[in-house]
$ cat start07.cif   # mmCIF, C-alpha atoms
data_coords
loop_
_atom_site.label_atom_id
_atom_site.label_comp_id
_atom_site.auth_asym_id
_atom_site.auth_seq_id
_atom_site.Cartn_x
_atom_site.Cartn_y
_atom_site.Cartn_z
CA MET A 548 -84.24 21.99 43.82
CA ALA A 549 -81.93 19.42 42.34
CA ASP A 550 -84.60 16.90 41.41
CA GLU A 551 -84.68 15.76 37.85
CA ILE A 552 -87.94 16.28 35.97
CA ILE A 553 -88.88 14.23 32.95
CA LEU A 554 -92.13 14.77 31.10
CA LEU A 555 -93.48 11.88 29.05
CA ASP A 556 -95.91 13.38 26.60
CA PHE A 557 -97.56 13.04 23.22
CA TRP A 558 -97.20 16.22 21.19
CA PRO A 559 -100.84 16.98 20.20
CA SER A 560 -102.21 16.19 23.65
CA PRO A 561 -103.86 19.22 25.26
CA PHE A 562 -103.35 17.43 28.60
CA GLY A 563 -99.60 17.21 28.18
CA MET A 564 -99.56 20.86 27.13
CA ARG A 565 -101.12 21.81 30.46
CA VAL A 566 -98.15 20.31 32.27
CA ARG A 567 -95.74 22.10 29.95
CA VAL A 568 -97.48 25.43 30.66
CA ALA A 569 -97.29 24.83 34.42
CA LEU A 570 -93.60 23.90 34.26
CA ALA A 571 -92.88 26.99 32.16
CA GLU A 572 -94.84 29.22 34.57
CA LYS A 573 -92.58 28.00 37.35
CA GLY A 574 -89.46 28.47 35.25
CA LEU A 575 -88.55 24.81 35.59
CA LYS A 576 -86.15 22.91 33.38
CA TYR A 577 -87.17 19.42 32.36
CA GLU A 578 -86.47 16.73 29.86
CA TYR A 579 -89.23 16.20 27.33
CA ARG A 580 -89.73 12.71 25.95
CA GLU A 581 -92.12 11.93 23.16
CA GLU A 582 -94.16 8.84 23.94
CA ASP A 583 -96.02 6.22 21.97
CA PRO A 584 -99.50 7.49 20.98
CA ARG A 585 -101.12 4.61 22.78
CA ASN A 586 -99.92 6.02 26.10
CA LYS A 587 -102.26 8.96 26.35
CA ASN A 588 -101.58 10.19 29.86
CA PRO A 589 -98.74 12.60 30.56
CA LEU A 590 -96.53 11.13 33.26
CA LEU A 591 -94.26 13.13 35.46
CA LEU A 592 -91.35 11.20 36.81
CA GLU A 593 -89.42 12.43 39.76
CA MET A 594 -87.22 9.53 40.73
CA ASN A 595 -90.37 7.80 41.91
CA PRO A 596 -93.31 5.99 40.39
CA PRO A 597 -95.22 8.24 37.98
CA ILE A 598 -98.04 10.69 38.63
CA CYS A 599 -100.81 10.69 36.05
CA GLU A 600 -103.72 12.94 35.23
CA SER A 601 -102.79 16.39 34.00
CA MET A 602 -104.53 18.63 36.59
CA ILE A 603 -103.24 16.44 39.44
CA ILE A 604 -99.76 16.96 38.01
CA VAL A 605 -100.36 20.71 37.74
CA GLN A 606 -101.45 20.78 41.40
CA TYR A 607 -98.36 18.83 42.40
CA ILE A 608 -96.11 21.25 40.52
CA ASP A 609 -97.93 24.19 42.09
CA GLU A 610 -97.48 22.76 45.60
CA VAL A 611 -93.85 21.73 45.30
CA TRP A 612 -92.66 24.88 43.52
CA ASN A 613 -94.86 27.20 45.47
CA LYS A 614 -92.64 30.30 45.59
CA LYS A 615 -93.13 31.36 41.99
CA SER A 616 -96.29 32.08 39.98
CA PRO A 617 -98.92 30.39 42.16
CA LEU A 618 -101.58 28.82 39.98
CA LEU A 619 -104.14 28.04 42.67
CA PRO A 620 -105.32 30.83 45.00
CA SER A 621 -104.60 30.48 48.73
CA ASP A 622 -108.20 30.87 49.91
CA PRO A 623 -109.96 27.46 50.26
CA TYR A 624 -113.23 28.68 48.74
CA GLN A 625 -111.50 30.20 45.72
CA ARG A 626 -109.48 27.01 45.36
CA ALA A 627 -112.74 25.06 45.39
CA GLN A 628 -114.10 27.30 42.63
CA ALA A 629 -110.94 26.76 40.56
CA ARG A 630 -111.14 22.98 41.02
CA PHE A 631 -114.84 23.03 40.15
CA TRP A 632 -114.24 24.76 36.82
CA ALA A 633 -111.21 22.63 35.93
CA ASP A 634 -113.36 19.57 36.64
CA TYR A 635 -116.12 21.08 34.48
CA ILE A 636 -113.71 21.54 31.56
CA ASP A 637 -112.43 17.97 31.89
CA LYS A 638 -115.90 16.45 32.15
CA LYS A 639 -117.65 18.43 29.46
CA LEU A 640 -115.35 19.72 26.75
CA TYR A 641 -112.97 17.03 25.66
CA GLU A 642 -115.52 14.33 24.89
CA LEU A 643 -117.83 16.75 23.08
CA GLY A 644 -114.96 18.14 21.05
CA ARG A 645 -114.03 14.62 20.09
CA ARG A 646 -117.55 13.99 18.89
CA ILE A 647 -117.45 17.10 16.75
CA TRP A 648 -114.56 15.74 14.69
CA SER A 649 -115.42 12.06 14.84
CA THR A 650 -119.14 12.02 14.02
CA LYS A 651 -121.46 13.30 11.31
CA GLY A 652 -125.00 14.49 10.76
CA GLU A 653 -127.31 14.90 13.72
CA GLU A 654 -124.85 13.48 16.26
CA GLN A 655 -122.25 16.02 15.21
CA GLU A 656 -124.77 18.85 15.22
CA THR A 657 -125.89 17.97 18.76
CA ALA A 658 -122.29 17.75 19.97
CA LYS A 659 -121.48 21.10 18.40
CA ASN A 660 -124.47 22.83 19.97
CA GLU A 661 -123.73 21.40 23.40
CA PHE A 662 -120.07 22.35 23.04
CA ILE A 663 -120.99 25.96 22.25
CA GLU A 664 -123.40 25.98 25.20
CA TYR A 665 -120.63 24.87 27.58
CA LEU A 666 -118.17 27.37 26.12
CA LYS A 667 -120.72 30.11 26.74
CA ILE A 668 -121.05 29.02 30.36
CA LEU A 669 -117.28 29.26 30.68
CA GLU A 670 -117.35 32.66 29.00
CA GLY A 671 -119.91 33.73 31.61
CA GLU A 672 -117.63 32.52 34.37
CA LEU A 673 -114.74 34.52 32.90
CA GLY A 674 -116.90 37.65 32.84
CA GLU A 675 -114.88 40.83 32.68
CA LYS A 676 -111.81 39.35 34.34
CA PRO A 677 -108.61 39.21 32.29
CA TYR A 678 -108.10 35.58 33.35
CA PHE A 679 -110.19 32.89 35.01
CA GLY A 680 -107.73 33.29 37.88
CA GLY A 681 -108.64 37.01 38.15
CA GLU A 682 -105.82 39.45 37.58
CA LYS A 683 -103.35 36.63 37.23
CA PHE A 684 -103.17 33.59 34.98
CA GLY A 685 -104.13 30.56 37.06
CA PHE A 686 -105.31 26.98 37.38
CA VAL A 687 -108.45 27.20 35.26
CA ASP A 688 -106.61 29.19 32.58
CA VAL A 689 -104.07 26.34 32.34
CA ALA A 690 -106.89 23.78 32.14
CA LEU A 691 -108.70 25.53 29.29
CA VAL A 692 -106.06 27.32 27.22
CA THR A 693 -104.51 24.13 25.87
CA PHE A 694 -107.84 23.07 24.37
CA SER A 695 -107.65 26.15 22.19
CA THR A 696 -105.12 24.26 20.03
CA LEU A 697 -108.02 22.01 19.04
CA PHE A 698 -110.42 24.86 18.25
CA TYR A 699 -109.33 25.13 14.62
CA ALA A 700 -109.94 21.39 14.13
CA TYR A 701 -113.36 21.58 15.81
CA GLU A 702 -114.32 24.61 13.71
CA SER A 703 -113.26 23.07 10.44
CA PHE A 704 -115.03 19.74 10.97
CA GLY A 705 -118.03 21.24 12.76
CA ASN A 706 -118.31 24.11 10.32
CA PHE A 707 -118.69 26.94 12.82
CA SER A 708 -116.70 29.79 14.27
CA ILE A 709 -115.90 29.84 17.97
CA GLU A 710 -114.94 33.51 17.71
CA VAL A 711 -118.46 34.35 16.47
CA GLU A 712 -120.09 32.34 19.25
CA CYS A 713 -117.74 33.25 22.08
CA PRO A 714 -115.72 36.37 21.23
CA LYS A 715 -114.64 37.02 24.84
CA LEU A 716 -113.24 33.52 25.12
CA ILE A 717 -111.18 33.94 21.96
CA ALA A 718 -109.95 37.31 23.26
CA TRP A 719 -108.93 35.48 26.43
CA THR A 720 -106.98 32.80 24.48
CA LYS A 721 -105.09 35.57 22.65
CA ARG A 722 -104.30 37.25 25.96
CA CYS A 723 -102.99 33.96 27.36
CA LYS A 724 -100.84 33.38 24.31
CA GLU A 725 -99.06 36.67 24.98
CA LYS A 726 -97.47 34.87 27.90
CA GLU A 727 -94.24 33.11 27.04
CA SER A 728 -95.14 30.09 29.15
CA VAL A 729 -98.27 29.55 27.07
CA SER A 730 -97.01 30.40 23.58
CA SER A 731 -93.94 28.18 24.02
CA SER A 732 -96.05 25.23 25.20
CA LEU A 733 -98.97 25.25 22.80
CA LYS A 734 -98.70 23.38 19.55
CA ASP A 735 -99.65 24.99 16.23
CA PRO A 736 -103.43 24.48 15.69
CA GLN A 737 -102.77 23.72 12.01
CA LYS A 738 -100.50 20.84 12.99
CA VAL A 739 -103.03 19.60 15.53
CA HIS A 740 -105.67 19.78 12.79
CA GLY A 741 -103.40 17.64 10.61
CA PHE A 742 -103.15 15.11 13.40
CA VAL A 743 -106.94 14.99 13.75
CA ILE A 744 -107.23 14.33 9.99
CA GLU A 745 -104.90 11.35 10.43
CA MET A 746 -106.95 10.09 13.39
CA ARG A 747 -110.13 10.29 11.32
CA LYS A 748 -108.46 8.26 8.56
CA LYS A 749 -107.35 5.64 11.06
CA LEU A 750 -110.85 5.45 12.50
CA GLY A 751 -112.28 5.16 9.00
CA ILE A 752 -114.36 8.34 9.18
CA GLU A 753 -115.40 9.77 5.80
CA MET B 661 -117.65 30.08 62.33
CA ALA B 662 -120.43 30.32 59.74
CA GLY B 663 -123.03 27.54 59.64
CA VAL B 664 -122.67 24.51 57.40
CA LYS B 665 -125.52 22.99 55.41
CA LEU B 666 -125.42 19.92 53.19
CA LEU B 667 -127.92 19.37 50.39
CA GLY B 668 -128.08 15.64 49.77
CA PHE B 669 -130.11 12.66 48.69
CA TRP B 670 -130.49 9.66 51.02
CA ALA B 671 -129.33 7.07 48.46
CA SER B 672 -126.48 9.07 46.99
CA SER B 673 -122.99 7.69 47.62
CA PHE B 674 -121.67 11.10 46.52
CA ALA B 675 -123.58 12.81 49.34
CA TYR B 676 -122.29 10.22 51.81
CA ARG B 677 -118.70 11.08 50.94
CA VAL B 678 -119.37 14.54 52.29
CA ILE B 679 -121.27 13.24 55.34
CA TRP B 680 -118.40 10.93 56.28
CA THR B 681 -115.85 13.70 55.84
CA LEU B 682 -117.84 16.15 57.98
CA LYS B 683 -118.29 13.47 60.67
CA LEU B 684 -114.59 12.52 60.68
CA LYS B 685 -113.69 16.17 61.10
CA GLY B 686 -116.29 16.65 63.83
CA ILE B 687 -118.00 19.46 61.93
CA ASN B 688 -121.59 20.29 62.85
CA TYR B 689 -123.90 20.67 59.91
CA GLU B 690 -127.54 20.78 58.93
CA TYR B 691 -128.58 18.08 56.48
CA ILE B 692 -131.25 18.97 53.95
CA GLU B 693 -132.82 16.13 51.97
CA GLU B 694 -133.52 16.95 48.32
CA ASP B 695 -136.33 15.48 46.28
CA LEU B 696 -134.48 14.96 43.01
CA ARG B 697 -137.70 14.80 41.04
CA ASN B 698 -138.61 18.22 42.37
CA LYS B 699 -135.39 20.12 42.98
CA SER B 700 -135.52 22.92 45.51
CA HIS B 701 -134.86 26.56 44.80
CA LEU B 702 -131.93 26.30 47.21
CA LEU B 703 -130.28 23.57 45.12
CA LEU B 704 -130.90 25.24 41.78
CA HIS B 705 -129.63 28.54 43.14
CA HIS B 706 -126.45 27.10 44.64
CA ASN B 707 -125.59 24.64 41.87
CA PRO B 708 -126.95 26.24 38.70
CA VAL B 709 -124.33 24.57 36.52
CA HIS B 710 -124.95 20.89 37.33
CA LYS B 711 -128.15 21.08 39.45
CA LYS B 712 -126.97 18.03 41.40
CA VAL B 713 -126.38 16.98 44.98
CA PRO B 714 -124.29 17.11 47.07
CA VAL B 715 -123.86 20.84 47.60
CA LEU B 716 -122.11 22.21 50.67
CA ILE B 717 -123.25 25.64 51.82
CA HIS B 718 -120.81 27.27 54.22
CA GLY B 719 -122.12 30.64 55.32
CA ASP B 720 -122.84 32.37 52.04
CA LYS B 721 -120.51 30.17 49.99
CA ALA B 722 -121.69 27.15 48.00
CA VAL B 723 -119.41 24.35 46.83
CA ALA B 724 -120.57 21.69 44.36
CA GLU B 725 -119.06 18.38 43.12
CA SER B 726 -118.34 15.89 45.90
CA LEU B 727 -114.58 15.64 45.39
CA VAL B 728 -114.23 19.43 45.20
CA ILE B 729 -116.25 19.62 48.44
CA LEU B 730 -113.94 17.08 50.11
CA GLU B 731 -110.85 19.13 49.29
CA TYR B 732 -112.61 22.31 50.47
CA ILE B 733 -113.45 20.70 53.82
CA GLU B 734 -109.90 19.39 54.15
CA GLU B 735 -108.44 22.85 53.56
CA THR B 736 -110.96 24.83 55.62
CA TRP B 737 -110.81 22.48 58.63
CA PRO B 738 -107.22 21.15 58.55
CA GLU B 739 -107.51 19.30 61.92
CA ASN B 740 -107.72 15.51 61.59
CA PRO B 741 -106.10 15.60 58.14
CA LEU B 742 -107.53 13.23 55.55
CA LEU B 743 -104.92 13.84 52.88
CA PRO B 744 -101.16 13.20 53.22
CA THR B 745 -98.94 16.21 53.99
CA ASP B 746 -96.28 15.20 51.49
CA ALA B 747 -96.98 16.71 48.04
CA TYR B 748 -96.13 13.52 46.16
CA GLU B 749 -98.25 11.32 48.45
CA ARG B 750 -101.05 13.82 48.04
CA ALA B 751 -100.76 13.64 44.23
CA MET B 752 -100.94 9.83 44.42
CA ALA B 753 -104.00 10.07 46.69
CA ARG B 754 -105.65 12.43 44.20
CA PHE B 755 -104.81 10.04 41.40
CA TRP B 756 -106.65 7.15 43.10
CA ILE B 757 -109.56 9.39 44.08
CA ASN B 758 -109.82 10.50 40.46
CA PHE B 759 -109.43 6.94 39.17
CA GLY B 760 -112.31 5.67 41.28
CA GLU B 761 -114.46 8.61 40.25
CA SER B 762 -113.91 8.37 36.51
CA LYS B 763 -114.47 4.61 36.54
CA VAL B 764 -117.74 4.98 38.45
CA GLU B 765 -118.96 7.32 35.77
CA CYS B 766 -118.35 5.01 32.84
CA HIS B 767 -117.71 1.38 33.62
CA PHE B 768 -119.51 0.65 36.87
CA PHE B 769 -122.55 2.55 35.72
CA GLN B 770 -122.52 0.55 32.47
CA PHE B 771 -122.33 -2.61 34.54
CA PHE B 772 -125.26 -1.54 36.64
CA LYS B 773 -127.49 -0.57 33.72
CA SER B 774 -126.47 -3.34 31.32
CA ALA B 775 -129.01 -5.68 29.80
CA ALA B 776 -128.23 -9.39 29.95
CA GLY B 777 -126.17 -10.73 27.07
CA GLU B 778 -123.18 -9.32 25.23
CA GLU B 779 -123.53 -5.84 26.69
CA GLN B 780 -123.41 -7.22 30.20
CA GLU B 781 -120.51 -9.56 29.43
CA LYS B 782 -118.48 -6.60 28.25
CA ALA B 783 -119.47 -4.46 31.24
CA ILE B 784 -118.58 -7.27 33.67
CA LYS B 785 -115.19 -7.75 32.03
CA GLU B 786 -114.39 -4.04 32.30
CA THR B 787 -115.59 -3.84 35.89
CA VAL B 788 -113.40 -6.81 36.87
CA GLU B 789 -110.39 -5.11 35.21
CA ILE B 790 -110.89 -2.01 37.31
CA LEU B 791 -111.38 -3.99 40.52
CA LYS B 792 -108.09 -5.74 39.73
CA ILE B 793 -106.26 -2.44 39.36
CA ILE B 794 -107.60 -1.22 42.70
CA GLU B 795 -106.81 -4.57 44.33
CA GLU B 796 -103.26 -4.83 43.05
CA GLN B 797 -102.08 -1.28 42.66
CA SER B 798 -104.08 0.98 44.88
CA LEU B 799 -104.33 -1.33 47.86
CA GLY B 800 -101.02 -3.05 47.16
CA ASP B 801 -99.09 -3.33 50.42
CA LYS B 802 -101.58 -1.32 52.45
CA LYS B 803 -101.47 -2.22 56.12
CA PHE B 804 -104.94 -1.50 57.42
CA SER B 805 -103.97 -1.54 61.07
CA GLU B 806 -101.33 1.16 60.58
CA GLU B 807 -103.11 3.58 58.32
CA ALA B 808 -105.91 5.93 59.29
CA ILE B 809 -108.91 6.47 57.06
CA GLY B 810 -108.45 9.15 54.42
CA LEU B 811 -110.05 10.78 51.40
CA VAL B 812 -109.11 7.89 49.10
CA ASP B 813 -111.08 5.48 51.30
CA ILE B 814 -113.96 7.96 51.44
CA ALA B 815 -113.96 8.49 47.68
CA LEU B 816 -114.01 4.71 47.09
CA GLY B 817 -116.52 4.14 49.89
CA TRP B 818 -119.35 3.44 47.46
CA LEU B 819 -117.53 0.21 46.62
CA ALA B 820 -117.91 -0.86 50.24
CA TYR B 821 -121.68 -0.53 50.38
CA TRP B 822 -123.40 0.56 47.17
CA PHE B 823 -121.65 -1.89 44.86
CA GLU B 824 -123.21 -4.89 46.64
CA GLY B 825 -126.65 -3.56 45.78
CA GLN B 826 -125.64 -3.08 42.17
CA GLU B 827 -124.30 -6.65 41.97
CA GLU B 828 -127.56 -7.92 43.38
CA ALA B 829 -129.62 -5.86 40.93
CA VAL B 830 -127.55 -7.17 38.00
CA GLY B 831 -127.62 -10.69 39.46
CA THR B 832 -123.90 -11.38 39.53
CA LYS B 833 -121.39 -11.40 42.41
CA LEU B 834 -117.96 -10.16 41.40
CA LEU B 835 -116.35 -9.07 44.66
CA ASN B 836 -115.74 -11.54 47.50
CA SER B 837 -112.91 -12.65 49.78
CA THR B 838 -111.65 -15.15 47.20
CA THR B 839 -111.79 -13.04 44.04
CA PHE B 840 -110.50 -9.80 45.59
CA PRO B 841 -109.06 -10.54 49.05
CA ARG B 842 -107.49 -7.10 49.67
CA LEU B 843 -110.52 -5.20 48.48
CA HIS B 844 -112.72 -7.42 50.59
CA ALA B 845 -110.54 -6.83 53.68
CA TRP B 846 -110.53 -3.09 53.01
CA ILE B 847 -114.33 -3.10 52.82
CA GLN B 848 -114.65 -4.90 56.18
CA ASN B 849 -112.23 -2.41 57.77
CA PHE B 850 -113.92 0.58 56.22
CA LYS B 851 -117.36 -0.36 57.47
CA GLN B 852 -116.05 -0.69 61.03
CA VAL B 853 -114.91 2.92 61.28
CA PRO B 854 -117.54 4.51 63.59
CA ALA B 855 -118.09 7.60 61.40
CA ILE B 856 -118.87 5.27 58.50
CA LYS B 857 -120.75 2.55 60.40
CA GLU B 858 -123.10 5.07 61.98
CA ASN B 859 -123.72 6.85 58.69
CA LEU B 860 -124.97 4.50 56.03
CA PRO B 861 -128.35 4.41 54.33
CA ASP B 862 -130.76 1.62 55.22
CA ARG B 863 -129.65 -1.49 53.35
CA GLN B 864 -133.07 -2.81 52.35
CA LYS B 865 -134.24 0.59 51.25
CA LEU B 866 -131.09 1.02 49.17
CA ARG B 867 -131.47 -2.41 47.56
CA ALA B 868 -135.04 -1.64 46.57
CA HIS B 869 -133.97 1.73 45.25
CA SER B 870 -131.17 0.17 43.14
CA LYS B 871 -133.56 -2.38 41.66
CA ARG B 872 -136.10 0.35 40.83
CA PHE B 873 -133.45 2.57 39.33
CA ARG B 874 -132.20 -0.23 37.11
CA ARG B 875 -135.61 -0.87 35.65
CA VAL B 876 -135.94 2.74 34.51
#
$ encode --input "start07.cif" --output "structure tokens"
Amino acid sequence: MADEIILLDFWPSPFGMRVRVALAEKGLKYEYREEDPRNKNPLLLEMNPPICESMIIVQYIDEVWNKKSPLLPSDPYQRAQARFWADYIDKKLYELGRRIWSTKGEEQETAKNEFIEYLKILEGELGEKPYFGGEKFGFVDVALVTFSTLFYAYESFGNFSIEVECPKLIAWTKRCKEKESVSSSLKDPQKVHGFVIEMRKKLGIE
Amino acid sequence: MAGVKLLGFWASSFAYRVIWTLKLKGINYEYIEEDLRNKSHLLLHHNPVHKKVPVLIHGDKAVAESLVILEYIEETWPENPLLPTDAYERAMARFWINFGESKVECHFFQFFKSAAGEEQEKAIKETVEILKIIEEQSLGDKKFSEEAIGLVDIALGWLAYWFEGQEEAVGTKLLNSTTFPRLHAWIQNFKQVPAIKENLPDRQKLRAHSKRFRRV
């Protein structure tokens, strides 16, 4: 395909990273453009008005470049399951994670406990499978793996260890990172942690 | 083909999305009303994660989350397509479906539950902003006579019927033919589609329910 792909992204964004993982999975070349932090959504331009929302972009990429590394299964019920869990991750994790690093005291404690609870549910869903997608890395894996770049930040501000609480999930993140498409797309958790420290300063926390 | 059951709640706009989709596709199904204050074993078994309606049970498979259900129906029964065939158009449709959904969750719900005063002023302002985006960008140059109903219309359907009740409960009218002409025209069109017209909850009952819900 001769179409030009440009990704507008903001480097610490786990949402933008999802798109980068999907593009890498498909072996696609694209131009990466760093955007102003106030524009939070990753936009994918293809000589047309932009598409927003990371998992919608991932679905688009999966549908257009459907010959290589399919991310969604072909069976409608399994696709529904994948969409359900990606939706679950979007609805539950991000906001809670944010509360872990942006609040204190009881509010933080509650957020942390809920966060661990949701991670455990996800761990249950993973079960004994190597990936959420089964034998192959798939849609839900893309949705969740990029959040792992924020784990170090959550752990340091929340004062807990995700590996202790959810060892299988951490084993899964390590397995994902063995893939080139993932390791080349994820930002260093230390750098992301540094970014969160700056955000806290800007928001006047502590 | 395996039987289809829908677990729903009579006042839920989320459940109605699924009803409309099943009707538009001509799919036979058994509707099971849930008492949300006393959730059935069937519901808790088939949606252990969220414990919410709607849940679609197709044979031995259960699908939860209304928008996930809509895509499942679309893919399982591809006749009378409700999503565009072009990948880009489909992505744009999903964007607007998602937009409506995420805004319902935060802003419109805030509007509905807001107490009079500053909180309500803020909620009204945000609600109007979102209505403007839908009016100007989503509906844009839409030609109602040329386009068939689709999942975007279905996903935003609550705006065509439930929102009125919310406005009444709050005591402020935001959406009319002068303030949002395209949205208003879309609503009139939407409610004329037989599958929609014949499948709406009783208006008075819904109004009373909204008012009760707001007081809680």
$ atom_distance --input "start07.cif" --atom1 "atom CA of Arg874 of chain B" --atom2 "atom CA of Gln770 of chain B"
10.8 Å
$ resolve_selection --input "start07.cif" --expression "the PyMOL selection byres ((chain B) within 10 of (chain A))" --output "PDB file with C-alpha atoms, in the coordinates of the input"
ATOM      1  CA  VAL B 709    -124.330  24.570  36.520  1.00  0.00           C
ATOM      2  CA  HIS B 710    -124.950  20.890  37.330  1.00  0.00           C
ATOM      3  CA  HIS B 718    -120.810  27.270  54.220  1.00  0.00           C
ATOM      4  CA  LYS B 721    -120.510  30.170  49.990  1.00  0.00           C
ATOM      5  CA  ALA B 722    -121.690  27.150  48.000  1.00  0.00           C
ATOM      6  CA  VAL B 723    -119.410  24.350  46.830  1.00  0.00           C
ATOM      7  CA  ALA B 724    -120.570  21.690  44.360  1.00  0.00           C
ATOM      8  CA  GLU B 725    -119.060  18.380  43.120  1.00  0.00           C
ATOM      9  CA  SER B 726    -118.340  15.890  45.900  1.00  0.00           C
ATOM     10  CA  LEU B 727    -114.580  15.640  45.390  1.00  0.00           C
ATOM     11  CA  VAL B 728    -114.230  19.430  45.200  1.00  0.00           C
ATOM     12  CA  ILE B 729    -116.250  19.620  48.440  1.00  0.00           C
ATOM     13  CA  LEU B 730    -113.940  17.080  50.110  1.00  0.00           C
ATOM     14  CA  GLU B 731    -110.850  19.130  49.290  1.00  0.00           C
ATOM     15  CA  TYR B 732    -112.610  22.310  50.470  1.00  0.00           C
ATOM     16  CA  ILE B 733    -113.450  20.700  53.820  1.00  0.00           C
ATOM     17  CA  GLU B 734    -109.900  19.390  54.150  1.00  0.00           C
ATOM     18  CA  GLU B 735    -108.440  22.850  53.560  1.00  0.00           C
ATOM     19  CA  THR B 736    -110.960  24.830  55.620  1.00  0.00           C
ATOM     20  CA  TRP B 737    -110.810  22.480  58.630  1.00  0.00           C
ATOM     21  CA  ASP B 746     -96.280  15.200  51.490  1.00  0.00           C
ATOM     22  CA  ALA B 747     -96.980  16.710  48.040  1.00  0.00           C
ATOM     23  CA  TYR B 748     -96.130  13.520  46.160  1.00  0.00           C
ATOM     24  CA  GLU B 749     -98.250  11.320  48.450  1.00  0.00           C
ATOM     25  CA  ARG B 750    -101.050  13.820  48.040  1.00  0.00           C
ATOM     26  CA  ALA B 751    -100.760  13.640  44.230  1.00  0.00           C
ATOM     27  CA  MET B 752    -100.940   9.830  44.420  1.00  0.00           C
ATOM     28  CA  ALA B 753    -104.000  10.070  46.690  1.00  0.00           C
ATOM     29  CA  ARG B 754    -105.650  12.430  44.200  1.00  0.00           C
ATOM     30  CA  PHE B 755    -104.810  10.040  41.400  1.00  0.00           C
ATOM     31  CA  TRP B 756    -106.650   7.150  43.100  1.00  0.00           C
ATOM     32  CA  ASN B 758    -109.820  10.500  40.460  1.00  0.00           C
ATOM     33  CA  PHE B 759    -109.430   6.940  39.170  1.00  0.00           C
ATOM     34  CA  SER B 762    -113.910   8.370  36.510  1.00  0.00           C
TER      35      SER B 762
END
$ residues_around --input "start07.cif" --residues "Thr650 of chain A" --least-positions-apart "2" --cutoff "12 Å" --atoms "only C-alpha atoms" --output "VMD selection string"
chain A and resid 642 to 648 652 to 659 701 704 to 705 747 750 to 753
$ resolve_selection --input "start07.cif" --expression "the PyMOL selection byres ((chain A and resi 572-583) around 8)" --output "MDAnalysis selection string"
chainID A and resid 551:558 568:571 584:586 612 615:616 728
$ residues_around --input "start07.cif" --residues "segment 678-688 of chain A" --least-positions-apart "3" --cutoff "7 Å" --atoms "only C-alpha atoms" --output "list in words"
Leu618, Leu619, Ala629, Trp632, Ala633, Leu673, Leu691, Val692 and Trp719 of chain A
$ atom_distance --input "start07.cif" --atom1 "atom CA of Tyr689 of chain B" --atom2 "atom CA of Leu667 of chain B"
10.4 Å
$ residues_around --input "start07.cif" --residues "Asn849 of chain B" --least-positions-apart "3" --cutoff "10 Å" --atoms "all atoms listed in the file" --output "mmCIF file with C-alpha atoms, in the coordinates of the input"
data_model
loop_
_atom_site.group_PDB
_atom_site.id
_atom_site.type_symbol
_atom_site.label_atom_id
_atom_site.label_comp_id
_atom_site.auth_asym_id
_atom_site.auth_seq_id
_atom_site.Cartn_x
_atom_site.Cartn_y
_atom_site.Cartn_z
ATOM 1 C CA PHE B 804 -104.940 -1.500 57.420
ATOM 2 C CA SER B 805 -103.970 -1.540 61.070
ATOM 3 C CA ILE B 809 -108.910 6.470 57.060
ATOM 4 C CA ALA B 820 -117.910 -0.860 50.240
ATOM 5 C CA LEU B 843 -110.520 -5.200 48.480
ATOM 6 C CA HIS B 844 -112.720 -7.420 50.590
ATOM 7 C CA ALA B 845 -110.540 -6.830 53.680
ATOM 8 C CA TRP B 846 -110.530 -3.090 53.010
ATOM 9 C CA GLN B 852 -116.050 -0.690 61.030
ATOM 10 C CA VAL B 853 -114.910 2.920 61.280
#
$ atom_distance --input "start07.cif" --atom1 "atom CA of Val812 of chain B" --atom2 "atom CA of Lys792 of chain B"
16.6 Å
$ resolve_selection --input "start07.cif" --expression "the PyMOL selection byres ((chain A and resi 699) around 12)" --output "ChimeraX atom specification"
/A:644,647-648,694-698,700-710,717,734-744
$ write_last_selection --input "start07.cif" --atoms "C-alpha atoms" --output "mmCIF file, keeping the file's coordinate frame"
data_model
loop_
_atom_site.group_PDB
_atom_site.id
_atom_site.type_symbol
_atom_site.label_atom_id
_atom_site.label_comp_id
_atom_site.auth_asym_id
_atom_site.auth_seq_id
_atom_site.Cartn_x
_atom_site.Cartn_y
_atom_site.Cartn_z
ATOM 1 C CA GLY A 644 -114.960 18.140 21.050
ATOM 2 C CA ILE A 647 -117.450 17.100 16.750
ATOM 3 C CA TRP A 648 -114.560 15.740 14.690
ATOM 4 C CA PHE A 694 -107.840 23.070 24.370
ATOM 5 C CA SER A 695 -107.650 26.150 22.190
ATOM 6 C CA THR A 696 -105.120 24.260 20.030
ATOM 7 C CA LEU A 697 -108.020 22.010 19.040
ATOM 8 C CA PHE A 698 -110.420 24.860 18.250
ATOM 9 C CA ALA A 700 -109.940 21.390 14.130
ATOM 10 C CA TYR A 701 -113.360 21.580 15.810
ATOM 11 C CA GLU A 702 -114.320 24.610 13.710
ATOM 12 C CA SER A 703 -113.260 23.070 10.440
ATOM 13 C CA PHE A 704 -115.030 19.740 10.970
ATOM 14 C CA GLY A 705 -118.030 21.240 12.760
ATOM 15 C CA ASN A 706 -118.310 24.110 10.320
ATOM 16 C CA PHE A 707 -118.690 26.940 12.820
ATOM 17 C CA SER A 708 -116.700 29.790 14.270
ATOM 18 C CA ILE A 709 -115.900 29.840 17.970
ATOM 19 C CA GLU A 710 -114.940 33.510 17.710
ATOM 20 C CA ILE A 717 -111.180 33.940 21.960
ATOM 21 C CA LYS A 734 -98.700 23.380 19.550
ATOM 22 C CA ASP A 735 -99.650 24.990 16.230
ATOM 23 C CA PRO A 736 -103.430 24.480 15.690
ATOM 24 C CA GLN A 737 -102.770 23.720 12.010
ATOM 25 C CA LYS A 738 -100.500 20.840 12.990
ATOM 26 C CA VAL A 739 -103.030 19.600 15.530
ATOM 27 C CA HIS A 740 -105.670 19.780 12.790
ATOM 28 C CA GLY A 741 -103.400 17.640 10.610
ATOM 29 C CA PHE A 742 -103.150 15.110 13.400
ATOM 30 C CA VAL A 743 -106.940 14.990 13.750
ATOM 31 C CA ILE A 744 -107.230 14.330 9.990
#
